[in-house]
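Below is start.txt, holding compact mmCIF, C-alpha atoms.
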# COMPACT_ATOMS: atom_id res chain seq x y z
CA MET A 1 -35.50 -31.24 23.09
CA SER A 2 -37.42 -34.48 23.59
CA GLU A 3 -37.09 -36.57 26.74
CA GLU A 4 -35.65 -39.37 24.60
CA ALA A 5 -32.93 -37.07 23.26
CA ILE A 6 -32.10 -35.94 26.78
CA ALA A 7 -31.80 -39.52 28.01
CA GLU A 8 -29.87 -40.86 25.03
CA PRO A 9 -26.77 -38.75 24.31
CA ASP A 10 -25.16 -41.87 22.83
CA ARG A 11 -27.84 -42.34 20.15
CA VAL A 12 -27.02 -41.64 16.48
CA GLU A 13 -29.92 -39.71 14.98
CA GLY A 14 -31.92 -41.88 12.60
CA ALA A 15 -30.51 -45.17 13.89
CA PRO A 16 -31.42 -47.63 16.65
CA HIS A 17 -29.73 -47.12 20.00
CA PRO A 18 -26.83 -49.57 20.52
CA ARG A 19 -28.86 -51.48 23.12
CA GLU A 20 -31.56 -52.03 20.48
CA THR A 21 -29.14 -53.31 17.83
CA ARG A 22 -29.28 -57.10 17.84
CA ARG A 23 -26.73 -57.76 15.10
CA LEU A 24 -23.14 -56.56 15.11
CA VAL A 25 -21.60 -56.74 11.64
CA GLY A 26 -17.93 -57.25 10.87
CA GLN A 27 -16.58 -57.56 14.43
CA GLY A 28 -16.48 -61.32 14.83
CA VAL A 29 -12.80 -61.28 15.87
CA ALA A 30 -13.41 -58.95 18.82
CA GLU A 31 -16.53 -60.88 19.90
CA ALA A 32 -14.65 -64.19 19.73
CA ALA A 33 -11.75 -62.79 21.78
CA PHE A 34 -14.10 -61.76 24.57
CA LEU A 35 -16.04 -65.02 24.50
CA ASP A 36 -12.84 -67.10 24.57
CA ALA A 37 -11.57 -65.19 27.62
CA CYS A 38 -14.92 -65.57 29.36
CA GLN A 39 -15.17 -69.31 28.75
CA ALA A 40 -11.55 -69.89 29.74
CA GLY A 41 -12.13 -68.28 33.13
CA ARG A 42 -10.09 -65.20 32.21
CA LEU A 43 -12.85 -62.62 32.38
CA HIS A 44 -10.99 -59.40 33.07
CA HIS A 45 -12.74 -56.88 35.31
CA ALA A 46 -12.30 -54.01 32.81
CA TRP A 47 -12.36 -53.99 29.00
CA LEU A 48 -11.39 -51.09 26.76
CA LEU A 49 -13.27 -51.20 23.45
CA THR A 50 -11.30 -49.16 20.91
CA GLY A 51 -11.42 -48.44 17.21
CA PRO A 52 -12.60 -45.72 14.82
CA LEU A 53 -15.78 -43.81 15.54
CA GLY A 54 -18.93 -45.60 14.44
CA VAL A 55 -17.68 -49.16 13.89
CA GLY A 56 -19.82 -50.81 16.59
CA LYS A 57 -17.96 -50.32 19.88
CA ALA A 58 -21.06 -49.24 21.80
CA THR A 59 -23.12 -52.03 20.24
CA LEU A 60 -20.50 -54.56 21.33
CA ALA A 61 -20.48 -53.11 24.86
CA TRP A 62 -24.24 -53.59 25.13
CA ARG A 63 -24.00 -57.09 23.66
CA ILE A 64 -21.35 -58.04 26.21
CA ALA A 65 -23.38 -56.56 29.08
CA ARG A 66 -26.51 -58.41 27.95
CA PHE A 67 -24.55 -61.65 27.62
CA LEU A 68 -22.91 -61.36 31.04
CA LEU A 69 -26.11 -60.54 32.90
CA ALA A 70 -28.18 -63.20 31.13
CA THR A 71 -25.61 -66.01 31.30
CA PRO A 72 -25.17 -67.78 34.67
CA GLU A 73 -21.65 -67.84 36.02
CA ASP A 74 -22.08 -71.43 37.23
CA ARG A 75 -22.95 -73.53 34.21
CA GLY A 76 -22.63 -76.85 35.97
CA GLY A 77 -25.34 -79.45 35.50
CA GLY A 78 -25.75 -80.39 39.16
CA LEU A 79 -26.14 -83.97 40.39
CA PHE A 80 -28.53 -85.23 37.76
CA GLY A 81 -28.23 -82.98 34.73
CA ALA A 82 -25.57 -82.41 32.13
CA ALA A 83 -23.96 -79.00 31.91
CA PRO A 84 -25.49 -76.84 29.17
CA ALA A 85 -23.47 -76.38 26.03
CA ALA A 86 -21.02 -73.49 26.04
CA PRO A 87 -22.36 -70.41 24.22
CA GLN A 88 -21.17 -70.10 20.63
CA GLY A 89 -21.65 -66.36 20.55
CA LEU A 90 -22.90 -63.35 22.47
CA ASP A 91 -26.47 -63.52 21.17
CA ILE A 92 -29.21 -63.54 23.80
CA ASP A 93 -32.84 -64.36 23.04
CA PRO A 94 -34.77 -61.04 22.82
CA ASP A 95 -37.46 -62.62 25.02
CA ASP A 96 -34.97 -63.39 27.80
CA PRO A 97 -36.03 -61.39 30.92
CA VAL A 98 -32.62 -59.69 31.09
CA ALA A 99 -32.75 -58.73 27.42
CA ARG A 100 -36.24 -57.31 27.88
CA ARG A 101 -35.20 -55.26 30.92
CA ILE A 102 -32.10 -53.93 29.17
CA HIS A 103 -34.16 -52.95 26.13
CA ALA A 104 -36.57 -51.11 28.44
CA GLY A 105 -33.73 -49.44 30.37
CA SER A 106 -34.80 -51.05 33.63
CA GLU A 107 -32.04 -53.59 34.32
CA GLY A 108 -30.89 -52.88 37.87
CA ARG A 109 -27.56 -54.69 37.47
CA LEU A 110 -26.41 -52.42 34.65
CA PHE A 111 -25.08 -48.86 35.03
CA VAL A 112 -24.43 -46.62 32.02
CA LEU A 113 -22.00 -43.76 32.60
CA ARG A 114 -22.42 -41.02 30.01
CA ARG A 115 -22.96 -37.29 29.72
CA ALA A 116 -25.84 -35.99 31.81
CA TRP A 117 -28.49 -33.38 31.15
CA ASP A 118 -27.66 -29.88 32.39
CA GLU A 119 -30.92 -28.60 33.86
CA LYS A 120 -29.59 -25.05 34.32
CA ASN A 121 -28.55 -24.58 30.69
CA ALA A 122 -31.16 -26.95 29.20
CA ARG A 123 -28.66 -28.99 27.22
CA LEU A 124 -26.42 -32.01 27.51
CA LYS A 125 -23.22 -31.44 29.44
CA SER A 126 -20.13 -31.33 27.25
CA VAL A 127 -18.25 -33.84 29.42
CA ILE A 128 -18.86 -36.68 31.86
CA THR A 129 -18.47 -35.08 35.28
CA VAL A 130 -17.36 -36.42 38.62
CA ASP A 131 -20.96 -36.19 39.84
CA GLU A 132 -21.93 -38.92 37.41
CA VAL A 133 -19.02 -41.09 38.57
CA ARG A 134 -20.20 -40.63 42.15
CA ARG A 135 -23.57 -42.01 41.09
CA LEU A 136 -21.67 -45.00 39.74
CA GLY A 137 -19.96 -45.31 43.10
CA SER A 138 -23.34 -45.60 44.80
CA PHE A 139 -24.30 -48.34 42.34
CA LEU A 140 -21.10 -50.25 43.04
CA HIS A 141 -21.61 -50.14 46.79
CA LEU A 142 -24.89 -51.97 46.43
CA SER A 143 -24.86 -55.74 46.14
CA ALA A 144 -26.59 -57.41 43.22
CA ALA A 145 -29.97 -58.76 44.29
CA ASP A 146 -29.06 -62.29 43.20
CA GLY A 147 -25.37 -62.03 44.09
CA GLY A 148 -24.50 -62.44 40.43
CA ARG A 149 -22.76 -60.34 37.84
CA ARG A 150 -23.10 -56.62 37.26
CA ALA A 151 -21.92 -54.49 34.35
CA VAL A 152 -20.89 -50.88 33.80
CA ILE A 153 -20.78 -49.23 30.36
CA VAL A 154 -18.81 -45.98 30.00
CA ASP A 155 -19.66 -44.38 26.66
CA PRO A 156 -17.42 -42.81 25.64
CA ALA A 157 -14.68 -42.80 28.26
CA ASP A 158 -12.93 -40.07 26.24
CA GLU A 159 -15.56 -37.57 27.44
CA MET A 160 -14.66 -37.80 31.13
CA ASN A 161 -13.16 -34.64 32.58
CA PRO A 162 -9.97 -35.06 34.70
CA GLN A 163 -11.87 -35.27 37.99
CA ALA A 164 -14.22 -37.92 36.63
CA ALA A 165 -11.33 -39.91 35.15
CA ASN A 166 -9.47 -39.96 38.45
CA ALA A 167 -12.60 -41.01 40.32
CA LEU A 168 -13.19 -43.87 37.88
CA LEU A 169 -9.54 -44.91 38.17
CA LYS A 170 -9.98 -45.55 41.89
CA MET A 171 -12.88 -47.88 41.12
CA LEU A 172 -10.83 -49.75 38.52
CA GLU A 173 -7.99 -50.13 41.02
CA GLU A 174 -10.27 -51.80 43.57
CA PRO A 175 -13.07 -53.34 41.51
CA PRO A 176 -16.01 -54.88 43.37
CA GLN A 177 -16.51 -58.62 43.00
CA GLY A 178 -18.59 -59.61 40.01
CA VAL A 179 -18.51 -56.22 38.24
CA THR A 180 -17.31 -55.90 34.65
CA PHE A 181 -16.42 -52.43 33.30
CA LEU A 182 -16.84 -51.82 29.56
CA LEU A 183 -15.14 -48.59 28.45
CA VAL A 184 -15.89 -47.37 24.94
CA SER A 185 -13.09 -45.20 23.56
CA HIS A 186 -12.69 -43.53 20.17
CA ALA A 187 -9.31 -42.03 21.15
CA PRO A 188 -7.66 -44.16 23.88
CA SER A 189 -4.52 -42.01 23.82
CA ARG A 190 -6.58 -39.30 25.56
CA LEU A 191 -7.28 -41.56 28.53
CA LEU A 192 -5.09 -41.70 31.62
CA PRO A 193 -2.32 -44.26 31.06
CA THR A 194 -3.26 -45.75 34.43
CA ILE A 195 -6.82 -46.34 33.21
CA ARG A 196 -5.58 -48.01 30.03
CA SER A 197 -3.18 -50.20 31.99
CA ARG A 198 -6.03 -51.60 34.10
CA CYS A 199 -8.09 -52.64 31.09
CA ARG A 200 -7.80 -55.39 28.56
CA GLU A 201 -8.18 -53.92 25.08
CA LEU A 202 -10.60 -55.15 22.43
CA ARG A 203 -9.85 -53.33 19.18
CA LEU A 204 -12.60 -53.18 16.61
CA ALA A 205 -11.67 -52.99 12.94
CA THR A 206 -12.79 -50.55 10.27
CA LEU A 207 -15.64 -52.14 8.33
CA SER A 208 -15.22 -53.30 4.75
CA PRO A 209 -17.59 -51.78 2.16
CA ALA A 210 -19.63 -55.00 2.15
CA ASP A 211 -19.88 -55.11 5.96
CA LEU A 212 -20.70 -51.40 6.09
CA SER A 213 -23.51 -51.86 3.59
CA ALA A 214 -24.88 -54.78 5.61
CA ALA A 215 -24.67 -52.76 8.84
CA ILE A 216 -26.52 -49.82 7.30
CA THR A 217 -29.26 -52.16 6.13
CA ALA A 218 -29.44 -53.79 9.57
CA ALA A 219 -29.89 -50.31 11.09
CA GLY A 220 -32.91 -49.75 8.87
CA VAL A 221 -31.31 -46.91 6.90
CA GLU A 222 -31.94 -46.66 3.17
CA ALA A 223 -29.07 -45.41 1.01
CA ALA A 224 -29.32 -44.77 -2.72
CA ASP A 225 -25.63 -45.55 -3.30
CA GLY A 226 -24.22 -47.73 -0.56
CA ALA A 227 -20.82 -48.11 -2.23
CA ALA A 228 -20.26 -44.35 -2.49
CA LEU A 229 -21.51 -43.89 1.05
CA ALA A 230 -19.01 -46.50 2.24
CA VAL A 231 -16.16 -44.59 0.57
CA LEU A 232 -17.11 -41.32 2.26
CA ALA A 233 -17.85 -42.89 5.65
CA GLY A 234 -14.43 -44.53 5.87
CA GLY A 235 -15.81 -47.76 7.33
CA SER A 236 -17.88 -46.05 10.05
CA VAL A 237 -21.52 -47.08 10.34
CA GLY A 238 -22.33 -44.05 12.47
CA GLU A 239 -20.86 -41.67 9.89
CA ALA A 240 -22.61 -43.49 7.04
CA ILE A 241 -25.95 -43.11 8.82
CA ARG A 242 -25.28 -39.42 9.44
CA LEU A 243 -24.36 -38.85 5.81
CA ALA A 244 -27.42 -40.72 4.60
CA ASN A 245 -29.75 -38.76 6.87
CA LEU A 246 -28.24 -35.38 5.89
CA ASP A 247 -27.96 -36.11 2.15
CA GLY A 248 -24.18 -36.07 2.47
CA LEU A 249 -23.48 -37.64 -0.94
CA ALA A 250 -25.27 -34.82 -2.73
CA THR A 251 -23.42 -32.23 -0.65
CA TYR A 252 -20.04 -33.84 -1.38
CA ALA A 253 -20.92 -33.91 -5.08
CA ALA A 254 -21.68 -30.17 -4.86
CA ILE A 255 -18.29 -29.56 -3.22
CA THR A 256 -16.35 -31.50 -5.85
CA GLY A 257 -18.42 -29.84 -8.58
CA LEU A 258 -17.49 -26.42 -7.20
CA PHE A 259 -13.76 -27.16 -7.13
CA ALA A 260 -13.95 -28.66 -10.59
CA THR A 261 -14.46 -25.05 -11.80
CA LEU A 262 -10.95 -24.12 -10.65
CA PRO A 263 -8.84 -22.22 -11.55
CA ARG A 264 -11.78 -19.90 -12.36
CA LEU A 265 -13.86 -20.52 -9.25
CA ASP A 266 -17.59 -20.24 -9.87
CA ARG A 267 -18.33 -17.48 -7.34
CA PRO A 268 -22.15 -17.71 -7.46
CA GLN A 269 -21.90 -21.46 -6.86
CA ALA A 270 -19.53 -20.85 -3.93
CA LEU A 271 -21.92 -18.31 -2.42
CA ARG A 272 -24.86 -20.72 -2.70
CA LEU A 273 -22.86 -23.41 -0.91
CA ALA A 274 -21.83 -21.01 1.86
CA GLU A 275 -25.31 -19.56 2.32
CA SER A 276 -26.78 -23.04 2.72
CA ALA A 277 -24.99 -23.18 6.10
CA ALA A 278 -26.52 -19.92 7.28
CA GLN A 279 -30.17 -20.89 7.11
CA ARG A 280 -32.16 -20.87 10.32
CA GLY A 281 -31.63 -24.07 12.30
CA ALA A 282 -28.88 -25.22 9.92
CA GLU A 283 -26.26 -26.08 12.54
CA SER A 284 -26.17 -29.70 11.37
CA ARG A 285 -25.72 -28.41 7.81
CA LEU A 286 -22.71 -26.35 8.89
CA ASP A 287 -21.17 -29.34 10.68
CA LEU A 288 -21.73 -31.44 7.57
CA LEU A 289 -20.11 -28.88 5.25
CA LEU A 290 -17.10 -28.48 7.52
CA ALA A 291 -16.67 -32.24 7.78
CA LEU A 292 -16.97 -32.77 4.02
CA LEU A 293 -14.60 -29.91 3.16
CA ASP A 294 -12.12 -31.46 5.58
CA LEU A 295 -12.66 -34.86 3.97
CA PHE A 296 -12.25 -33.43 0.46
CA LEU A 297 -8.85 -31.95 1.37
CA ALA A 298 -7.73 -35.14 3.12
CA ARG A 299 -8.66 -37.27 0.10
CA LEU A 300 -7.03 -34.77 -2.26
CA ALA A 301 -3.77 -34.74 -0.26
CA ARG A 302 -3.76 -38.54 -0.08
CA ALA A 303 -4.26 -38.83 -3.83
CA GLY A 304 -1.26 -36.59 -4.46
CA ALA A 305 0.93 -38.42 -1.95
CA LEU A 306 0.07 -41.86 -3.35
CA GLY A 307 0.09 -40.81 -7.00
CA GLN A 308 -3.43 -42.08 -7.53
CA ALA A 309 -6.92 -41.55 -6.21
CA GLY A 310 -8.75 -44.26 -4.30
CA PRO A 311 -12.27 -45.43 -5.08
CA GLU A 312 -14.44 -42.53 -6.22
CA ALA A 313 -17.09 -41.19 -3.87
CA VAL A 314 -18.70 -39.25 -6.74
CA PRO A 315 -18.20 -39.42 -10.52
CA GLY A 316 -15.30 -37.30 -11.75
CA GLU A 317 -13.54 -37.16 -8.38
CA ALA A 318 -10.48 -39.12 -9.56
CA ALA A 319 -9.95 -36.88 -12.59
CA LEU A 320 -10.28 -33.78 -10.42
CA PHE A 321 -7.76 -35.09 -7.90
CA SER A 322 -5.34 -35.96 -10.69
CA ARG A 323 -5.55 -32.40 -11.99
CA LEU A 324 -5.31 -30.63 -8.62
CA ALA A 325 -2.72 -32.96 -7.03
CA PRO A 326 -0.60 -34.35 -9.88
CA ASP A 327 2.41 -35.25 -7.71
CA ALA A 328 3.66 -35.76 -4.17
CA ALA A 329 4.73 -32.12 -3.80
CA ALA A 330 1.18 -31.00 -4.52
CA GLY A 331 -0.06 -33.61 -2.07
CA GLN A 332 2.14 -32.09 0.63
CA ARG A 333 0.80 -28.61 -0.07
CA TRP A 334 -2.78 -29.85 0.21
CA ALA A 335 -1.93 -31.74 3.39
CA ALA A 336 -0.57 -28.54 4.96
CA LEU A 337 -3.70 -26.65 3.93
CA HIS A 338 -5.86 -29.45 5.33
CA GLN A 339 -4.19 -29.03 8.70
CA SER A 340 -4.37 -25.22 8.78
CA LEU A 341 -7.97 -25.03 7.58
CA GLY A 342 -8.98 -27.66 10.13
CA ALA A 343 -7.60 -25.45 12.91
CA ARG A 344 -9.25 -22.42 11.31
CA ALA A 345 -12.62 -24.17 11.23
CA ARG A 346 -12.37 -25.22 14.88
CA HIS A 347 -11.54 -21.65 15.89
CA GLY A 348 -14.39 -20.29 13.80
CA ARG A 349 -16.86 -22.63 15.48
CA ALA A 350 -15.49 -21.78 18.93
CA VAL A 351 -16.01 -18.03 18.44
CA ASN A 352 -19.36 -18.47 16.64
CA LEU A 353 -18.16 -16.98 13.37
CA ASP A 354 -20.93 -16.39 10.85
CA PRO A 355 -21.48 -19.81 9.21
CA ALA A 356 -21.66 -18.50 5.64
CA ALA A 357 -18.50 -16.42 6.16
CA LEU A 358 -16.67 -19.42 7.60
CA ILE A 359 -17.55 -21.70 4.69
CA LEU A 360 -16.81 -19.06 2.06
CA ASP A 361 -13.47 -18.26 3.68
CA MET A 362 -12.47 -21.94 3.52
CA VAL A 363 -13.56 -22.25 -0.11
CA LEU A 364 -11.58 -19.15 -1.11
CA LYS A 365 -8.49 -20.42 0.76
CA ILE A 366 -8.67 -23.64 -1.25
CA ALA A 367 -9.02 -21.65 -4.49
CA ASP A 368 -6.05 -19.46 -3.57
CA ALA A 369 -3.95 -22.54 -2.78
CA GLN A 370 -4.74 -24.05 -6.17
CA ARG A 371 -3.80 -20.84 -7.98
CA ASP A 372 -0.56 -20.44 -6.00
CA GLY A 373 0.45 -24.03 -6.67
CA ALA A 374 -0.41 -24.03 -10.35

Would you mind giving the structure from this file in structure tokens?
Amino acid sequence: MSEEAIAEPDRVEGAPHPRETRRLVGQGVAEAAFLDACQAGRLHHAWLLTGPLGVGKATLAWRIARFLLATPEDRGGGLFGAAPAAPQGLDIDPDDPVARRIHAGSEGRLFVLRRAWDEKNARLKSVITVDEVRRLGSFLHLSAADGGRRAVIVDPADEMNPQAANALLKMLEEPPQGVTFLLVSHAPSRLLPTIRSRCRELRLATLSPADLSAAITAAGVEAADGAALAVLAGGSVGEAIRLANLDGLATYAAITGLFATLPRLDRPQALRLAESAAQRGAESRLDLLLALLDLFLARLARAGALGQAGPEAVPGEAALFSRLAPDAAAGQRWAALHQSLGARARHGRAVNLDPAALILDMVLKIADAQRDGA
């Protein structure tokens, strides 16, 4: 693994790191809420940035940190000068010294709390440990060189183990002067209620198809069909980038094409799909197949429950959903299978079940469910 990969567990492969992303698309409401609080003198010491995975929470955290560290607290004009105009947004000139240091990872007034590298096992730790929070404690006990603001980004806070969460809670209960905590959370319900109660929440919205397309372009990712990618990604830029990098649209088309052969499942086609997850170094392929099978079932169940399919991700999807889930009762059956197969997939991954066997088992369970419900 490269040194960059070790140091950047919060980087989406194929996309700029959040600190390198200058433009945040579709989250003007959240940005304005923070800026209004800051300019009104109501800058809370801890902010909880919530919302679906991949909609820009980490990017907003870095934008806020850059803004706070580059913007003087005292904006008075002194005896002879007028006060500078209030900022209209969180943008900071890329040539600003603070912006340059943050981009280089050398800003001493910023601490980023995230999963660390496990030297013993040569991989990233699965959680944020209390040792990392203790490092944060050392940072907080130091005074800023200029006596000004400092910032802490926790990304994501959901990955703290219980000991780390309790250690962070103590810091939130007695925050040092001039420090702003920015906690990124994909699932705030998993956090300690006492942590949530000490933060002001900024909720980021799911991106519209137009905003998602603009965000993908801003990230420098090329997508052949941005509209279809937006449907599959569910408004998540991070997921859209992952799907684009792994050719997710083509894989989803293969999945829908396979189930279009029901009730007489094309066995050779099913075997080819399953075996594609068993190739050497194909762990990302397995994760993609599991995610897209899960998504297929969720979309199928939703189509049955609502009595109509949403926007198509691939041609022919709506007709297939109408045939497989013609009514609400069928939608309920598919929803139950979605839940049980999701648990089955998680168990299979946990016990390192053969990837091809896991995918084929899921495909056959879906075929059996269609035959039983017909």

Name the residues in contact with Ala15 in chain A at a cut-off of 8 Å, using all atoms listed in the file, excluding same-chain residues fewer than 4 positions from it; report them as a JSON list (two decimals) with C-alpha atoms, keeping the file's coordinate frame.
[["chain", "number", "residue", "atom", "x", "y", "z"],
["A", 11, "ARG", "CA", -27.84, -42.34, 20.15],
["A", 219, "ALA", "CA", -29.89, -50.31, 11.09],
["A", 220, "GLY", "CA", -32.91, -49.75, 8.87],
["A", 221, "VAL", "CA", -31.31, -46.91, 6.90],
["A", 241, "ILE", "CA", -25.95, -43.11, 8.82]]

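Taking CA of Arg264 in chain A as the reference point, CA of Gln339 in chain A is found at 24.2 Å.
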
| task | Would you work out the distance separating CA of Gly257 in chain A from CA of Glu317 in chain A, expressed in Å to one decimal? | result | 8.8 Å

| Residue among A:Leu60, A:Ala230, A:Ile366, A:Leu192 lying closest to Leu249 in chain A, counting only C-alpha atoms |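 For Leu249 in chain A, the nearest of the candidates is A:Ala230.
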
| query | From the list A:Leu290, A:Pro355, A:Gly248, A:Leu232, which residue is nearest Leu341 in chain A when using all atoms listed in the file? | reply |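 Among the listed residues, the smallest separation from Leu341 in chain A belongs to A:Leu290.
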
| field | Neighbour list for range 157-159 of chain A as a VMD selection string, cut-off 8 Å, all atoms listed in the file, skip fewer than 2 positions in-chain | value | chain A and resid 115 126 to 128 154 to 155 161 183 to 188 190 to 191

| Given the choices A:Ser276, A:Ser322, A:Thr59, A:Gln27, which gets closest to Gly238 in chain A if the distance is worked out from all atoms listed in the file? |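 Answer, going by the shortest atom-to-atom distance: A:Thr59.
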